[in-house]
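What's in model32.cif: mmCIF, C-alpha atoms
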```cif
data_data
#
loop_
_atom_site.label_atom_id
_atom_site.label_comp_id
_atom_site.auth_asym_id
_atom_site.auth_seq_id
_atom_site.Cartn_x
_atom_site.Cartn_y
_atom_site.Cartn_z
CA MET V 1 0.00 0.00 0.00
CA ILE V 2 1.22 3.52 -0.80
CA PRO V 3 1.37 5.37 2.58
CA ARG V 4 -0.43 8.65 3.07
CA PHE V 5 2.69 10.35 4.45
CA SER V 6 6.45 10.46 4.36
CA PRO V 7 8.38 12.54 6.92
CA THR V 8 10.57 15.38 5.66
CA VAL V 9 13.66 14.03 7.41
CA SER V 10 14.98 10.51 7.25
CA PHE V 11 15.53 8.19 10.17
CA ALA V 12 19.25 9.04 9.96
CA GLY V 13 18.50 12.77 10.05
CA THR V 14 16.37 12.36 13.15
CA LEU V 15 19.06 10.24 14.82
CA HIS V 16 21.50 13.11 14.13
CA PHE V 17 19.10 15.49 15.86
CA LEU V 18 18.66 13.20 18.89
CA LEU V 19 22.43 12.80 19.31
CA ASP V 20 22.83 16.56 18.97
CA MET V 21 20.25 17.03 21.72
CA ALA V 22 21.95 14.48 23.95
CA LEU V 23 25.35 16.15 23.59
CA ALA V 24 23.83 19.63 24.14
CA ARG V 25 26.40 21.29 21.89
CA GLY V 26 26.33 24.87 20.63
CA ASP V 27 24.93 28.11 22.02
CA SER V 28 22.43 30.85 21.26
CA ASN V 29 24.59 32.02 18.34
CA ASP V 30 23.30 28.98 16.44
CA ILE V 31 19.78 30.34 16.80
CA SER V 32 20.88 33.79 15.61
CA ARG V 33 22.64 32.24 12.60
CA PHE V 34 19.52 30.26 11.73
CA GLU V 35 17.33 33.36 11.99
CA ARG V 36 19.69 35.33 9.73
CA ALA V 37 19.85 32.49 7.19
CA PHE V 38 16.06 32.20 7.24
CA ALA V 39 15.62 35.94 6.73
CA GLN V 40 18.07 35.85 3.82
CA PHE V 41 16.26 32.88 2.26
CA GLN V 42 12.91 34.66 2.64
CA GLY V 43 14.20 38.03 1.53
CA CYS V 44 12.86 39.73 4.67
CA GLU V 45 14.31 42.06 7.27
CA HIS V 46 13.71 40.16 10.50
CA ALA V 47 13.08 36.52 11.45
CA LEU V 48 12.44 35.19 14.96
CA PHE V 49 12.63 31.49 15.84
CA VAL V 50 9.55 30.80 17.98
CA PRO V 51 8.02 27.75 19.73
CA SER V 52 5.08 27.20 17.36
CA GLY V 53 2.79 28.72 14.77
CA ARG V 54 0.23 29.45 17.48
CA MET V 55 2.69 31.43 19.56
CA ALA V 56 3.91 33.12 16.37
CA LEU V 57 0.43 34.43 15.61
CA LEU V 58 -0.17 35.40 19.24
CA LEU V 59 3.07 37.41 19.34
CA ILE V 60 2.21 39.16 16.08
CA LEU V 61 -1.27 40.14 17.25
CA ARG V 62 -0.07 41.34 20.63
CA HIS V 63 2.64 43.52 19.14
CA LEU V 64 0.49 45.01 16.38
CA GLY V 65 -1.46 46.50 19.26
CA TYR V 66 -5.08 46.42 18.12
CA PRO V 67 -7.77 47.71 20.53
CA PRO V 68 -9.77 44.95 22.27
CA GLY V 69 -12.70 43.82 20.16
CA SER V 70 -11.02 44.65 16.85
CA GLU V 71 -11.88 42.26 14.04
CA VAL V 72 -9.47 40.04 12.11
CA VAL V 73 -10.71 38.38 8.90
CA VAL V 74 -9.77 34.72 8.49
CA PRO V 75 -10.83 32.02 6.03
CA ALA V 76 -13.69 29.93 7.39
CA PHE V 77 -11.94 26.78 6.14
CA THR V 78 -8.83 26.68 8.30
CA HIS V 79 -7.28 25.07 11.37
CA PHE V 80 -9.19 25.83 14.55
CA SER V 81 -6.05 27.17 16.25
CA ILE V 82 -6.14 30.39 14.20
CA PRO V 83 -9.48 31.76 15.49
CA SER V 84 -8.68 30.42 18.97
CA VAL V 85 -5.47 32.49 19.11
CA ILE V 86 -7.31 35.57 17.82
CA ARG V 87 -9.95 35.24 20.55
CA TYR V 88 -7.29 34.71 23.22
CA ALA V 89 -5.62 37.96 22.09
CA GLY V 90 -8.87 39.80 22.89
CA LEU V 91 -9.87 40.19 19.25
CA VAL V 92 -12.76 38.91 17.15
CA PRO V 93 -12.20 36.42 14.30
CA VAL V 94 -14.57 37.12 11.40
CA PHE V 95 -14.95 34.22 8.97
CA ALA V 96 -14.91 34.96 5.25
CA ASP V 97 -15.97 32.44 2.64
CA LEU V 98 -13.67 30.96 0.01
CA ASP V 99 -13.11 30.69 -3.67
CA PRO V 100 -14.79 27.36 -4.55
CA GLY V 101 -11.84 26.18 -6.66
CA THR V 102 -8.90 27.14 -4.45
CA TYR V 103 -10.45 27.23 -0.92
CA GLU V 104 -8.63 30.55 -0.35
CA LEU V 105 -9.68 34.07 0.54
CA THR V 106 -10.37 36.41 -2.36
CA PRO V 107 -10.78 40.20 -2.37
CA GLU V 108 -14.51 39.70 -2.90
CA THR V 109 -15.03 37.31 0.03
CA VAL V 110 -12.98 39.55 2.35
CA ARG V 111 -14.77 42.71 1.26
CA ALA V 112 -18.11 41.08 2.08
CA VAL V 113 -17.27 40.88 5.82
CA LEU V 114 -15.39 44.15 6.40
CA THR V 115 -16.70 46.58 9.01
CA GLY V 116 -15.41 49.70 10.68
CA ARG V 117 -13.81 47.48 13.35
CA THR V 118 -11.72 45.39 10.93
CA ARG V 119 -7.99 45.80 11.48
CA ALA V 120 -6.36 42.89 9.64
CA MET V 121 -6.78 39.87 7.41
CA ILE V 122 -4.95 36.53 7.50
CA PRO V 123 -4.63 35.01 4.01
CA THR V 124 -3.73 31.33 4.33
CA HIS V 125 -1.60 29.82 1.57
CA LEU V 126 -3.56 26.59 1.88
CA PHE V 127 -2.13 23.16 0.97
CA GLY V 128 0.93 24.88 -0.57
CA ARG V 129 -0.95 27.07 -3.09
CA THR V 130 -0.34 30.80 -2.79
CA CYS V 131 -3.29 33.16 -2.39
CA PRO V 132 -4.20 35.89 -4.93
CA MET V 133 -2.01 38.38 -3.08
CA PRO V 134 -2.09 41.35 -5.52
CA GLY V 135 -5.86 41.72 -5.13
CA LEU V 136 -5.78 41.16 -1.37
CA LEU V 137 -2.99 43.71 -0.93
CA ALA V 138 -4.87 46.25 -3.03
CA LEU V 139 -7.94 45.81 -0.82
CA ALA V 140 -5.80 46.06 2.32
CA GLY V 141 -4.30 49.32 1.07
CA GLU V 142 -7.71 50.70 0.19
CA ARG V 143 -9.17 49.89 3.63
CA LYS V 144 -5.94 50.45 5.62
CA LEU V 145 -5.78 46.85 6.87
CA ASP V 146 -2.75 44.90 8.02
CA VAL V 147 -1.97 41.64 6.22
CA ILE V 148 -0.63 38.71 8.25
CA GLU V 149 0.35 35.83 5.97
CA ASP V 150 -0.20 32.27 7.16
CA CYS V 151 2.65 30.36 5.49
CA ALA V 152 2.39 27.21 7.61
CA GLN V 153 1.74 25.07 4.52
CA ALA V 154 3.71 27.03 1.91
CA PHE V 155 7.26 27.62 3.13
CA GLY V 156 9.43 28.29 0.09
CA ALA V 157 6.57 29.02 -2.30
CA ARG V 158 6.84 32.15 -4.43
CA VAL V 159 4.46 34.94 -5.39
CA GLY V 160 6.02 36.48 -8.47
CA GLU V 161 9.64 37.30 -7.67
CA ARG V 162 9.10 37.16 -3.89
CA ARG V 163 8.54 34.40 -1.37
CA ALA V 164 5.17 33.83 0.20
CA GLY V 165 5.31 35.78 3.45
CA GLN V 166 7.02 38.90 2.14
CA ALA V 167 3.98 40.95 1.22
CA GLY V 168 2.28 41.84 4.51
CA GLN V 169 3.15 43.42 7.85
CA ALA V 170 4.14 40.00 9.21
CA ALA V 171 4.05 36.29 8.41
CA TYR V 172 4.31 33.08 10.38
CA PHE V 173 5.55 29.55 9.63
CA THR V 174 5.37 26.23 11.46
CA PHE V 175 8.01 23.48 11.40
CA GLY V 176 6.27 20.37 12.71
CA ILE V 177 7.42 16.92 11.68
CA THR V 178 4.76 16.59 8.97
CA LYS V 179 5.74 19.86 7.20
CA ASN V 180 8.07 20.25 4.21
CA PHE V 181 10.67 21.65 6.64
CA THR V 182 10.99 20.66 10.28
CA THR V 183 12.86 21.65 13.40
CA TYR V 184 11.00 19.03 15.47
CA SER V 185 8.37 21.59 16.51
CA GLY V 186 8.97 25.31 16.38
CA GLY V 187 8.12 28.04 13.92
CA MET V 188 9.18 31.43 12.65
CA VAL V 189 7.85 34.98 12.58
CA THR V 190 9.01 37.39 9.89
CA CYS V 191 8.40 41.12 9.69
CA ALA V 192 9.91 44.32 8.31
CA ASP V 193 9.45 46.59 11.34
CA PRO V 194 12.56 46.53 13.59
CA GLY V 195 10.61 47.86 16.58
CA MET V 196 8.05 45.09 16.30
CA ALA V 197 10.79 42.48 15.88
CA GLU V 198 12.62 43.66 19.00
CA ALA V 199 9.43 43.78 21.05
CA MET V 200 8.62 40.18 20.10
CA ARG V 201 12.18 39.14 20.83
CA GLU V 202 11.90 40.67 24.29
CA SER V 203 8.74 38.62 24.91
CA LEU V 204 10.56 35.44 23.86
CA ARG V 205 13.38 36.12 26.34
CA ALA V 206 10.89 35.60 29.17
CA PHE V 207 10.19 32.01 28.06
CA GLN V 208 12.14 29.01 29.34
CA PRO V 209 14.14 26.93 26.83
CA ALA V 210 12.42 23.79 25.54
CA SER V 211 12.95 20.80 27.78
CA ARG V 212 14.94 17.86 26.49
CA SER V 213 12.02 15.55 27.20
CA ARG V 214 9.76 17.58 24.90
CA LEU V 215 12.24 17.49 22.02
CA PHE V 216 13.24 13.86 22.54
CA LYS V 217 9.56 13.00 22.28
CA GLU V 218 9.35 14.90 18.97
CA GLY V 219 12.39 13.04 17.70
CA ILE V 220 11.02 9.65 18.74
CA VAL V 221 7.68 10.38 17.02
CA ALA V 222 9.55 11.44 13.88
CA SER V 223 11.61 8.22 13.97
CA ALA V 224 8.45 6.15 14.39
CA MET V 225 6.83 7.95 11.46
CA ALA V 226 9.87 7.36 9.27
CA ALA V 227 9.81 3.66 10.15
CA ALA V 228 6.06 3.43 9.59
CA ALA V 229 6.30 5.19 6.22
CA TRP V 230 8.75 2.55 4.92
CA ARG V 231 6.42 0.84 2.49
CA PRO V 232 6.95 -2.81 3.53
CA ALA V 233 6.43 -1.87 7.19
CA PHE V 234 3.39 0.25 6.39
CA SER V 235 1.82 -2.52 4.31
CA MET V 236 2.36 -5.13 7.00
CA ALA V 237 1.65 -3.12 10.16
CA LEU V 238 -0.53 -0.10 9.44
CA ALA V 239 -2.45 -1.09 6.33
CA PRO V 240 -4.60 -3.65 8.21
CA VAL V 241 -5.29 -1.02 10.89
CA VAL V 242 -6.46 1.69 8.51
CA ARG V 243 -8.50 -0.76 6.43
CA ALA V 244 -10.34 -1.82 9.58
CA ALA V 245 -11.89 1.65 9.94
CA GLY V 246 -14.75 0.79 7.61
CA PRO V 247 -16.59 3.11 5.21
CA ASP V 248 -18.20 5.49 7.70
CA ARG V 249 -15.50 6.94 9.97
CA ALA V 250 -11.89 8.09 10.27
CA ASP V 251 -9.23 5.45 10.84
CA LEU V 252 -7.29 4.87 14.06
CA VAL V 253 -4.11 6.58 12.82
CA HIS V 254 -6.04 9.75 12.00
CA ARG V 255 -7.86 9.70 15.33
CA LEU V 256 -4.60 9.28 17.27
CA PHE V 257 -3.19 12.50 15.77
CA ASP V 258 -6.46 14.43 15.66
CA GLU V 259 -6.75 17.43 17.98
CA PRO V 260 -10.28 18.32 19.06
CA PRO V 261 -11.11 22.00 18.47
CA ARG V 262 -10.78 24.11 21.60
CA ASP V 263 -9.97 27.69 22.48
CA LEU V 264 -6.81 28.78 24.27
CA SER V 265 -7.10 29.57 27.95
CA GLU V 266 -4.93 31.00 30.71
CA ALA V 267 -4.34 27.40 31.78
CA SER V 268 -3.26 26.13 28.34
CA VAL V 269 -1.05 29.00 27.12
CA PRO V 270 1.92 28.36 29.50
CA ALA V 271 2.55 25.08 27.66
CA LEU V 272 3.19 27.14 24.51
CA GLN V 273 5.67 29.49 26.18
CA TRP V 274 9.07 27.94 25.58
CA ARG V 275 12.09 28.90 23.48
CA PRO V 276 13.60 26.76 20.71
CA VAL V 277 17.10 25.47 21.45
CA PRO V 278 20.34 25.41 19.40
CA ALA V 279 19.90 21.77 18.30
CA GLN V 280 16.64 22.75 16.60
CA ALA V 281 18.35 25.66 14.87
CA ARG V 282 21.10 23.35 13.57
CA ALA V 283 18.45 20.92 12.29
CA GLY V 284 16.90 23.82 10.39
CA MET V 285 20.22 24.92 8.94
CA ARG V 286 20.88 21.41 7.63
CA GLN V 287 17.59 21.46 5.70
CA LEU V 288 17.35 25.05 4.52
CA GLY V 289 19.64 24.66 1.52
CA ALA V 290 17.68 21.67 0.23
CA LEU V 291 14.20 23.19 0.57
CA ASP V 292 13.91 24.60 -2.96
CA ALA V 293 14.94 21.28 -4.49
CA ARG V 294 12.48 19.35 -2.33
CA ASN V 295 9.70 21.79 -3.17
CA GLU V 296 10.47 21.32 -6.85
CA LEU V 297 10.02 17.58 -6.41
CA ARG V 298 6.65 18.29 -4.79
CA ARG V 299 5.62 20.61 -7.63
CA SER V 300 6.64 18.06 -10.22
CA ALA V 301 4.80 15.22 -8.49
CA GLY V 302 1.72 17.37 -7.88
CA CYS V 303 1.50 18.53 -11.48
CA ALA V 304 2.02 14.98 -12.74
CA LEU V 305 -0.76 13.65 -10.49
CA LEU V 306 -3.07 16.49 -11.50
CA ASP V 307 -2.46 15.65 -15.16
CA ALA V 308 -2.90 11.90 -14.64
CA LEU V 309 -6.21 12.38 -12.80
CA GLY V 310 -7.43 14.88 -15.38
CA ARG V 311 -6.71 12.48 -18.25
CA ARG V 312 -8.85 9.88 -16.47
CA GLY V 313 -11.76 12.30 -16.19
CA CYS V 314 -11.64 12.60 -12.40
CA ALA V 315 -13.52 15.54 -10.89
CA GLY V 316 -13.05 17.61 -7.73
CA LEU V 317 -9.35 18.21 -8.37
CA PRO V 318 -7.19 20.97 -6.86
CA THR V 319 -6.64 24.20 -8.78
CA ALA V 320 -3.18 24.69 -10.24
CA ALA V 321 -1.15 27.77 -9.37
CA GLU V 322 -2.44 30.99 -10.90
CA PRO V 323 -0.16 33.07 -13.17
CA GLY V 324 2.52 34.63 -11.00
CA GLY V 325 1.63 32.33 -8.12
CA ASP V 326 2.95 28.99 -6.91
CA HIS V 327 1.86 25.61 -5.58
CA VAL V 328 4.34 23.46 -3.64
CA PHE V 329 1.71 20.76 -2.99
CA MET V 330 2.14 20.35 0.74
CA SER V 331 -1.11 18.43 0.29
CA PHE V 332 -2.98 17.15 -2.75
CA ALA V 333 -6.61 17.64 -1.76
CA ILE V 334 -9.53 16.40 -3.83
CA ARG V 335 -13.26 16.59 -3.07
CA ARG V 336 -15.52 13.57 -2.79
CA GLU V 337 -19.06 13.06 -1.55
CA LYS V 338 -19.26 10.55 1.32
CA ARG V 339 -15.51 10.80 1.68
CA TYR V 340 -15.05 7.99 4.22
CA SER V 341 -16.75 5.58 1.86
CA PHE V 342 -14.46 6.77 -0.94
CA ILE V 343 -11.36 6.45 1.30
CA HIS V 344 -12.41 2.90 2.21
CA ARG V 345 -12.72 1.95 -1.47
CA LEU V 346 -9.41 3.64 -2.34
CA ARG V 347 -7.57 1.58 0.27
CA ARG V 348 -8.85 -1.59 -1.40
CA PHE V 349 -6.79 -0.51 -4.41
CA GLY V 350 -3.64 -0.04 -2.32
CA ILE V 351 -3.77 3.75 -1.79
CA ASP V 352 -3.85 5.10 1.76
CA THR V 353 -5.23 8.58 2.43
CA SER V 354 -6.62 10.92 5.07
CA PRO V 355 -9.43 13.46 5.54
CA GLY V 356 -6.95 16.00 6.96
CA TYR V 357 -7.32 18.44 9.84
CA VAL V 358 -8.67 21.62 8.24
CA THR V 359 -12.35 22.23 8.83
CA ASN V 360 -15.13 24.79 8.73
CA CYS V 361 -14.26 26.82 11.82
CA ARG V 362 -17.48 28.79 11.45
CA HIS V 363 -19.02 25.88 13.40
CA PHE V 364 -16.78 26.47 16.42
CA ALA V 365 -17.60 30.11 17.10
CA PRO V 366 -18.66 30.52 20.74
CA ALA V 367 -22.34 30.95 21.52
CA GLY V 368 -23.41 34.47 20.63
CA ASP V 369 -20.38 35.06 18.37
CA LYS V 370 -21.71 34.81 14.85
CA GLY V 371 -18.30 35.56 13.35
CA GLY V 372 -19.75 37.12 10.20
CA PRO V 373 -22.21 35.76 7.63
CA GLU V 374 -22.69 32.14 6.68
CA CYS V 375 -19.94 30.61 4.52
CA PRO V 376 -21.61 28.13 2.12
CA VAL V 377 -18.44 27.25 0.20
CA ALA V 378 -16.54 26.40 3.40
CA GLU V 379 -19.56 24.42 4.55
CA SER V 380 -19.64 22.38 1.34
CA VAL V 381 -15.89 21.76 1.25
CA ALA V 382 -15.23 20.85 4.90
CA ASP V 383 -16.76 17.36 4.84
CA ARG V 384 -15.58 16.44 1.34
CA ILE V 385 -11.80 16.95 1.39
CA VAL V 386 -9.58 13.87 0.86
CA HIS V 387 -5.77 14.13 0.90
CA LEU V 388 -4.02 11.84 -1.59
CA PRO V 389 -0.41 10.74 -0.98
CA LEU V 390 1.97 13.41 -2.33
CA TYR V 391 5.62 13.70 -1.29
CA PRO V 392 9.07 13.74 -2.93
CA GLY V 393 9.66 9.98 -2.67
CA LEU V 394 6.83 9.04 -5.04
CA SER V 395 7.88 7.49 -8.36
CA ARG V 396 6.16 8.03 -11.71
CA ALA V 397 4.72 4.55 -11.35
CA ASP V 398 3.33 5.49 -7.93
CA ILE V 399 1.64 8.56 -9.39
CA GLN V 400 0.00 6.55 -12.15
CA ARG V 401 -1.07 3.96 -9.59
CA ILE V 402 -2.67 6.64 -7.39
CA ALA V 403 -4.53 8.11 -10.36
CA GLU V 404 -5.74 4.69 -11.44
CA GLY V 405 -6.83 3.91 -7.87
CA VAL V 406 -8.87 7.12 -7.67
CA ALA V 407 -10.55 6.40 -10.99
CA ARG V 408 -11.41 2.85 -9.92
CA ALA V 409 -12.64 3.99 -6.49
CA ASP V 410 -14.91 6.52 -8.22
CA CYS V 411 -16.48 3.72 -10.25
CA ALA V 412 -16.63 1.07 -7.53
#
```

Once you've parsed the file, please lay out its structure as structure tokens.
Amino acid sequence: MIPRFSPTVSFAGTLHFLLDMALARGDSNDISRFERAFAQFQGCEHALFVPSGRMALLLILRHLGYPPGSEVVVPAFTHFSIPSVIRYAGLVPVFADLDPGTYELTPETVRAVLTGRTRAMIPTHLFGRTCPMPGLLALAGERKLDVIEDCAQAFGARVGERRAGQAGQAAYFTFGITKNFTTYSGGMVTCADPGMAEAMRESLRAFQPASRSRLFKEGIVASAMAAAAWRPAFSMALAPVVRAAGPDRADLVHRLFDEPPRDLSEASVPALQWRPVPAQARAGMRQLGALDARNELRRSAGCALLDALGRRGCAGLPTAAEPGGDHVFMSFAIRREKRYSFIHRLRRFGIDTSPGYVTNCRHFAPAGDKGGPECPVAESVADRIVHLPLYPGLSRADIQRIAEGVARADCA
């Protein structure tokens, strides 16, 4: 069976990280070097290595200094952590609907929810495809809004001559073990304002360094994922488990990694307040130079799979990058009615897959918080998304096999 995932780093790379952690070599200069290299790669002024994407967004919102109750426009189809961070910062997330082909914000969907209290928008470069930034930036300039780019799924993607994340007042990235770049948890904030960068850096100084136990756990999970993604092991050990899920629910692997939607609280935020350590920075430095090449492998595989599915007449396919935009195919998401039934049939043809973790967050607004108008596109997409296997290790034969499996599952 073709596994749904393949970790960014190999088992050997993770072993290197664990040994590095155990030896506790290096100092804070390694973190500074990583931040400078990241800023140079991104073409931005300032980069700050932070504990997570959630803390990245929280730091950005706190240091932009909006009055309590200000509104921030977000896509309705997103990860629940984004509106939860906005609410924790004392602000109001307002959900905008999506383009039905790309699942991204557009100038029209944002304009429909703007009020006199709107202060910012958060375009999400979803699944590796860059948003229509020229139109969004024009609207932001017209209405004097800040733009905070969510680059968690599109690190390295380009918008014209610039990287995704260069256009707004700030951007944030996450480096979990399932991303196209990992520091075994952690993330990055980028911005152009030196005062804002220094204020965020001062906030980070108050956090304690990450514990070894936290990072060893990340490394062990990454090692287990690398072992599980080895195709013979996956076919023998995990394939029977995921097939046992049946046609009407998510499989055990998905449920183990699923995170139920919940808002941040004063009790939960301290667990996010830690500083990355030098071993994480060195892991990032080892991968940074290879990112463009790995993203090109993703682009190539994604375009090949898109073509193979199109030639077989399959519907509900992702939208290719728009002119001047990019798609690094962090995920290859298709739409299917009764998706669990489709996933069950697809596994019979040797293709594993997942429903993913992005959902219609309009459903999770607290009682009395309408969060803007209804979002029918997000509503229709949320329960239909299926993520096909897409990662650099796929061969041309694998891609043809996936396309053939989808076509047969559609007809079964």

Given the PyMOL selection byres ((chain V and resi 307-317) around 9), the residues it picks as a list in words:
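Checking the PyMOL selection byres ((chain V and resi 307-317) around 9) against this file, the residues are Gly101, Gly302, Cys303, Ala304, Leu305, Leu306, Pro318, Thr319, Phe332, Ala333, Ile334, Arg335, Arg336, Ile399, Gln400, Ile402, Ala403, Glu404, Val406, Ala407 and Asp410 of chain V.
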
Have a look at V:Thr130, V:Gln280, V:Gln40, V:Gln169 and name the one nearest to Leu61 in chain V; count only C-alpha atoms.
V:Gln169

Please write the residues picked by the PyMOL selection byres ((chain V and resi 62) around 12) on this file as a PyMOL selection string.
chain V and resi 55-61+63-68+85-91+196-197+199-200+203

Would you mind listing what lies within 8 Å of range 212-215 of chain V as a list in words, with only C-alpha atoms counted and same-chain residues fewer than 2 positions away left out?
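In the requested format, the answer is Met21, Tyr184, Ser185, Ala210, Lys217, Glu218 and Gly219 of chain V.
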
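Taken over the whole file, the PyMOL selection byres ((chain V and resi 378) around 9) covers exactly V:Pro75, V:Ala76, V:Phe77, V:Ala96, V:Asp97, V:Leu98, V:Asp99, V:Pro100, V:Tyr103, V:Thr359, V:Asn360, V:Cys361, V:Arg362, V:Cys375, V:Pro376, V:Val377, V:Glu379, V:Ser380, V:Val381, V:Ala382.
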
Nearest residue to Val253 in chain V out of V:Met225, V:Ala37, V:Ala321, V:Ala290, using only C-alpha atoms?
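When distances to Val253 in chain V are compared using only C-alpha atoms, the smallest one comes from V:Met225.
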
Residue contacts of Pro276 in chain V (8 Å, only C-alpha atoms) excluding same-chain residues fewer than 6 positions away, as a list of chain:residue names
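Residues meeting the cut-off are V:Phe49, V:Val50, V:Pro51, V:Gly186, V:Pro209, V:Ala210.
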
Could you check which of V:Ser52, V:Asn29, V:Gln166, V:Thr106 is closest to Trp274 in chain V, using all atoms listed in the file?
V:Ser52

Can you work out which one of V:Ser84, V:Ser354, V:Thr178, V:Ser211 has the shortest atom-to-atom distance to Ala22 in chain V, counting only C-alpha atoms?
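Counting only C-alpha atoms, the residue closest to Ala22 in chain V is V:Ser211.
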
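Interatomic distance, CA of Ile385 in chain V to CA of Leu139 in chain V: 29.2 Å.
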
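The gap separating CA of Gly168 in chain V from CA of Ser32 in chain V is 23.1 Å, in Å to one decimal.
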
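Using all atoms listed in the file for every distance, the candidate list V:Leu346, V:Leu288, V:Cys151, V:Ala164 yields V:Cys151 as the residue closest to Leu126 in chain V.
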
Show me, as a VMD selection string, the residues that have an atom within 12 Å of Ala293 in chain V when counting all atoms listed in the file, minus same-chain residues fewer than 2 positions from it.
chain V and resid 156 to 157 180 to 181 287 to 291 295 to 300 328 392

For Ala171 in chain V, which residue out of V:Pro373, V:Gly284, V:Pro123, V:Pro232 is the nearest one, using all atoms listed in the file?
V:Pro123

Give as a ChimeraX atom specification each residue that has an atom at most 9 Å from (6.8, 30.6, -3.6) in the file, counting all atoms listed in the file.
/V:128-130,154-165,325-328

Regenerate range 98-109 of chain V at the level of N, CA, C and O atoms and dump it as a CSV table (one decimal), in the coordinates of the input.
```csv
chain,number,residue,atom,x,y,z
V,98,LEU,N,-14.8,31.3,0.8
V,98,LEU,CA,-13.7,31.0,0.0
V,98,LEU,C,-14.0,31.0,-1.5
V,98,LEU,O,-15.2,30.9,-1.9
V,99,ASP,N,-13.0,31.0,-2.3
V,99,ASP,CA,-13.1,30.7,-3.7
V,99,ASP,C,-13.4,29.2,-3.8
V,99,ASP,O,-12.7,28.4,-3.2
V,100,PRO,N,-14.4,28.8,-4.5
V,100,PRO,CA,-14.8,27.4,-4.6
V,100,PRO,C,-13.8,26.4,-5.2
V,100,PRO,O,-13.8,25.2,-5.0
V,101,GLY,N,-12.8,27.0,-6.0
V,101,GLY,CA,-11.8,26.2,-6.7
V,101,GLY,C,-10.5,26.1,-5.9
V,101,GLY,O,-9.8,25.1,-6.0
V,102,THR,N,-10.2,27.1,-5.1
V,102,THR,CA,-8.9,27.1,-4.4
V,102,THR,C,-9.0,27.0,-2.9
V,102,THR,O,-8.0,26.8,-2.3
V,103,TYR,N,-10.2,27.3,-2.4
V,103,TYR,CA,-10.4,27.2,-0.9
V,103,TYR,C,-9.7,28.3,-0.2
V,103,TYR,O,-9.4,28.2,1.0
V,104,GLU,N,-9.4,29.4,-0.9
V,104,GLU,CA,-8.6,30.6,-0.4
V,104,GLU,C,-9.5,31.8,-0.3
V,104,GLU,O,-10.5,31.9,-1.0
V,105,LEU,N,-9.1,32.8,0.5
V,105,LEU,CA,-9.7,34.1,0.5
V,105,LEU,C,-9.5,34.7,-0.8
V,105,LEU,O,-8.5,34.6,-1.5
V,106,THR,N,-10.5,35.6,-1.2
V,106,THR,CA,-10.4,36.4,-2.4
V,106,THR,C,-10.7,37.8,-1.9
V,106,THR,O,-11.4,38.0,-0.9
V,107,PRO,N,-10.4,38.8,-2.7
V,107,PRO,CA,-10.8,40.2,-2.4
V,107,PRO,C,-12.3,40.3,-2.2
V,107,PRO,O,-12.8,41.1,-1.3
V,108,GLU,N,-13.1,39.6,-3.0
V,108,GLU,CA,-14.5,39.7,-2.9
V,108,GLU,C,-15.0,39.1,-1.6
V,108,GLU,O,-15.9,39.7,-0.9
V,109,THR,N,-14.5,37.9,-1.2
V,109,THR,CA,-15.0,37.3,0.0
V,109,THR,C,-14.6,38.1,1.3
V,109,THR,O,-15.3,38.1,2.3
```
